[in-house]
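Q: Okay, handing you the structure first.
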There are 2 protein chains.
Amino acid sequence: MPRWSPDAELRLRAAAFELFEERGFDSVTIAEITDRAGLTRRSFFRYFPDKREVLFSGSEKLPAIVEEMLANFPAEIAARDAIFRTLSEIGNFLLQDRNAQAFRQQLIDSSSELRERERTKMAAFATSITNGLFRRGNSSEEAQILGVVAAEIFRNAYVRALREADVIPFERQLDASLAPLALFGSFEKTEIELR
Amino acid sequence: MPRWSPDAELRLRAAAFELFEERGFDSVTIAEITDRAGLTRRSFFRYFPDKREVLFSGSEKLPAIVEEMLANFPAEIAARDAIFRTLSEIGNFLLQDRNAQAFRQQLIDSSSELRERERTKMAAFATSITNGLFRRGNSSEEAQILGVVAAEIFRNAYVRALREADVIPFERQLDASLAPLALFGSFEKTEIELR
DNA sequence: TAATCTTACGACACACAATGCCATCAAGGT
DNA sequence: ACCTTGATGGCATTGTGTGTCGTAAGATTA
């Protein structure tokens, strides 16, 4: 018989989600979370670096996965296809527990602190795409801009998938997010002078 | 003779920049800033909502300007040209004090807290582009993705402009950032099935 | 000129986040 | 039986951010 219940992290996360649902993210203190979980405030910080991270734990793994996935596509596959397939796979995987993710996203949207943190996670996601593309042979400059843009495309498609009532394949959401960017595809160096 | 020096905000900003340069952003406390500025800790929060905002004050005005600029382009001008010209003008304006901006960017890059805050500002920038495009007649969905992507294009061009030794027209930096996106322009709905 | 309002600040208190350090005590190995 | 390990509690400390109130100089009005 262990001295303590062995599922401390799970209990903390569960207590946090309950309280966030009851009273919103901002007004819940860490002391309240640990009280409900039967731990002390100090222990909270042994599992999560701060309050926001309760909602993002596990997301550290994503970047490495994305980078590998992308880098391992054979060189014959066009970069755009490699990106598209990678984003599809990640999206479909995350959307497996659509309800939980929708609730989580709703919570994030309700707090400016959480929106800030989510952007940090998206930046790491973008960097992983950049690194993957670089390993595939893209130049550093190309990979840089393609990474951040691909990440925004993913996010745009993902939030739409969570918001819309009817479930359609994530690939179609990506198509919808990509379509307006044809605008930049036909972009030619401008000769327009300002003023 | 006024009871207090009338330039409290300037003094705070100056003291903060000095200290950040001396010892880095994270290790400087607000008490140290206010000591050097000859004020109390409480007064700091009357001018800035938090420590990070010292480096971003003034940036609240940008979104409204961008939205108006974009919305006021005549409807005959293609959306891509309106975006390009707007980003050019903003970039050239900001690059007027290139040295100060380069130092500021270097500071931001050195602190995760500051990078988070900068992403928030970029998000507001993206939203203003979205709003401007929406007022020009783009659909909400189009404007959404075009806004975030345009903002990333701007940022990509802007940091390159600050980093590179030789000063070239900002329009050329935008061209360089845009070029890799031709990849998405030729994108066709994929028929590839996963797995 | 005198009374009153306003404004920019100081002074104080407080809740909370985050971190370091040490004590404790069960479990498991030697 | 002893030692080690690991998860936790307990305590102290620093720093952020906010609410509240007092104060005195300058501006306004009578």
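Letters A, B, ... go to the chains of the structure tokens in the order shown; residues in each chain start at 1; ligands are counted from 1 in the same order.
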Can you write out as CSV which residues of chain D fall within 10 Å of chain A, alongside each residue's closest atom pair and its distance in Å to one decimal, counting only C-alpha atoms (C1' of nucleotides) and ordering rows by chain and ascending residue number?

A:
```
residue,atom,partner,partner_atom,distance
D:DA7,C1',A:Trp4,CA,8.0
D:DT8,C1',A:Ser43,CA,7.2
D:DG9,C1',A:Thr40,CA,7.2
D:DG10,C1',A:Arg42,CA,9.3
```

Q: Next, write the just-selected residues to a file, as a CSV table (one decimal), in the first residue's frame, keeping N, CA and C atoms (P, O5', C5', C4', C3', O3' and C1' of nucleotides) as the atom set.

A:
```
chain,number,residue,atom,x,y,z
D,7,DA,P,8.9,10.0,-7.7
D,7,DA,O5',7.5,10.4,-7.0
D,7,DA,C5',6.8,9.5,-6.3
D,7,DA,C4',6.2,10.1,-5.1
D,7,DA,C3',5.5,11.5,-5.3
D,7,DA,O3',4.2,11.5,-4.9
D,7,DA,C1',7.0,11.5,-3.4
D,8,DT,P,3.3,12.7,-5.2
D,8,DT,O5',3.3,13.5,-3.8
D,8,DT,C5',2.8,13.0,-2.6
D,8,DT,C4',3.3,13.7,-1.4
D,8,DT,C3',2.9,15.1,-1.2
D,8,DT,O3',1.7,15.2,-0.5
D,8,DT,C1',5.1,14.6,-0.5
D,9,DG,P,1.1,16.7,-0.1
D,9,DG,O5',1.9,17.1,1.2
D,9,DG,C5',1.9,16.2,2.3
D,9,DG,C4',2.6,16.8,3.5
D,9,DG,C3',2.1,18.2,3.9
D,9,DG,O3',2.0,18.3,5.3
D,9,DG,C1',4.4,18.3,3.4
D,10,DG,P,1.4,19.7,6.0
D,10,DG,O5',2.7,20.5,6.3
D,10,DG,C5',3.9,19.9,6.8
D,10,DG,C4',4.9,20.9,7.2
D,10,DG,C3',4.4,22.3,7.4
D,10,DG,O3',5.0,22.9,8.5
D,10,DG,C1',6.0,22.4,5.7
```

Q: Between chain C and chain A, at 9 Å or less, what are the per-residue closest atom pairs and their distances in Å? Count only C-alpha atoms (C1' of nucleotides), order by chain and rising residue number, and return it as JSON lines.

A:
```
{"residue": "C:DC16", "atom": "C1'", "partner": "A:Thr29", "partner_atom": "CA", "distance": 7.7}
{"residue": "C:DA17", "atom": "C1'", "partner": "A:Asp50", "partner_atom": "CA", "distance": 8.3}
{"residue": "C:DA18", "atom": "C1'", "partner": "A:Asp50", "partner_atom": "CA", "distance": 8.0}
{"residue": "C:DC25", "atom": "C1'", "partner": "A:Arg3", "partner_atom": "CA", "distance": 8.2}
{"residue": "C:DA26", "atom": "C1'", "partner": "A:Arg3", "partner_atom": "CA", "distance": 5.6}
{"residue": "C:DA27", "atom": "C1'", "partner": "A:Pro2", "partner_atom": "CA", "distance": 7.4}
```

Q: Please extract the residues of chain B with a backbone DSSP assignment of alpha helix (DSSP H) and present them as JSON, numbers by chain.

A: {"B": [8, 9, 10, 11, 12, 13, 14, 15, 16, 17, 18, 19, 20, 21, 22, 23, 30, 31, 32, 33, 34, 35, 36, 37, 41, 42, 43, 44, 45, 46, 47, 61, 62, 63, 64, 65, 66, 67, 68, 69, 70, 71, 79, 80, 81, 82, 83, 84, 85, 86, 87, 88, 89, 90, 91, 92, 93, 94, 98, 99, 100, 101, 102, 103, 104, 105, 106, 107, 108, 109, 112, 113, 114, 115, 116, 117, 118, 119, 120, 121, 122, 123, 124, 125, 126, 127, 128, 129, 130, 131, 132, 133, 134, 135, 136, 140, 141, 142, 143, 144, 145, 146, 147, 148, 149, 150, 151, 152, 153, 154, 155, 156, 157, 158, 159, 160, 161, 162, 163, 170, 171, 172, 173, 174, 175, 176, 177, 178, 182, 183, 184, 185]}

Q: At a cut-off of 12 Å, using only C-alpha atoms (C1' of nucleotides), what residues contact DG19 in chain D? Leave out same-chain residues fewer than 6 positions from it and give the result as a VMD selection string.

A: (chain B and resid 42) or (chain C and resid 12 to 15)

Q: Between B:Arg36, B:Arg104, B:Arg85, B:Arg52, single out the one closest to chain A, counting only C-alpha atoms.

A: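 The answer is B:Arg85, which sits nearest to chain A.
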
Q: Mind listing as a PyMOL selection string which residues of chain A are within 6 Å of chain B, counting only C-alpha atoms?

A: chain A and resi 142+149+180+182+185

Q: Tell me, in Å to one decimal, how far CA of Ala71 in chain B is from CA of Leu94 in chain B.

A: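 Interatomic distance here is 20.4 Å.
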
Q: Record the distance separating CA of Phe20 in chain A and CA of Gly38 in chain A, expressed in Å with one decimal.

A: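 According to the coordinates, CA of Phe20 in chain A and CA of Gly38 in chain A are separated by 17.1 Å.
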
Q: Using only C-alpha atoms, which of the listed residues (A:Gly132, A:Leu10, A:Thr127, A:Leu95) sits closest to Ile168 in chain A?

A: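 That would be A:Leu95, the residue with the smallest distance to Ile168 in chain A.
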
Q: Taking 5 positions as the minimum chain separation for residues in the same chain, which residues sit within 12 Å of Glu21 in chain A when counting only C-alpha atoms (C1' of nucleotides)? Answer as a ChimeraX atom specification.

A: /A:14-16,26-28,103-104,106-108,110

Q: Keeping only C-alpha atoms, write the selected residues as a PDB file, in the first residue's frame.

A:
```
ATOM      1  CA  ALA A  14      -9.305  16.506 -12.969  1.00  0.00           C
ATOM      2  CA  ALA A  15      -9.755  18.925 -10.072  1.00  0.00           C
ATOM      3  CA  ALA A  16      -8.495  21.795 -12.201  1.00  0.00           C
ATOM      4  CA  ASP A  26      -8.875  33.175 -14.003  1.00  0.00           C
ATOM      5  CA  SER A  27     -10.698  33.127 -10.689  1.00  0.00           C
ATOM      6  CA  VAL A  28      -9.535  29.643  -9.678  1.00  0.00           C
ATOM      7  CA  PHE A 103     -14.391  22.126 -24.212  1.00  0.00           C
ATOM      8  CA  ARG A 104     -10.704  22.780 -23.839  1.00  0.00           C
ATOM      9  CA  GLN A 106     -13.706  27.033 -25.304  1.00  0.00           C
ATOM     10  CA  LEU A 107     -11.847  27.403 -22.031  1.00  0.00           C
ATOM     11  CA  ILE A 108      -8.747  28.705 -23.775  1.00  0.00           C
ATOM     12  CA  SER A 110     -12.254  32.558 -22.485  1.00  0.00           C
TER      13      SER A 110
END
```

Q: Report as an NGL selection string all protein, DNA and RNA residues lying within 7 Å of Leu162 in chain A, evaluated on only C-alpha atoms (C1' of nucleotides), omitting residues in the same chain fewer than 2 positions from it.

A: :A and (98 or 102 or 158-160 or 164)

Q: Grab the residues selected above and save them as a compact mmCIF listing (two decimals), in the first residue's frame with C-alpha atoms.

A:
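The new file result.txt reads:
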```
# COMPACT_ATOMS: atom_id res chain seq x y z
CA ARG A 98 -13.59 15.99 -30.23
CA ALA A 102 -13.95 21.51 -27.92
CA TYR A 158 -8.81 22.95 -36.50
CA VAL A 159 -10.89 25.58 -34.73
CA ARG A 160 -13.42 25.40 -37.54
CA GLU A 164 -18.96 23.33 -36.71
```
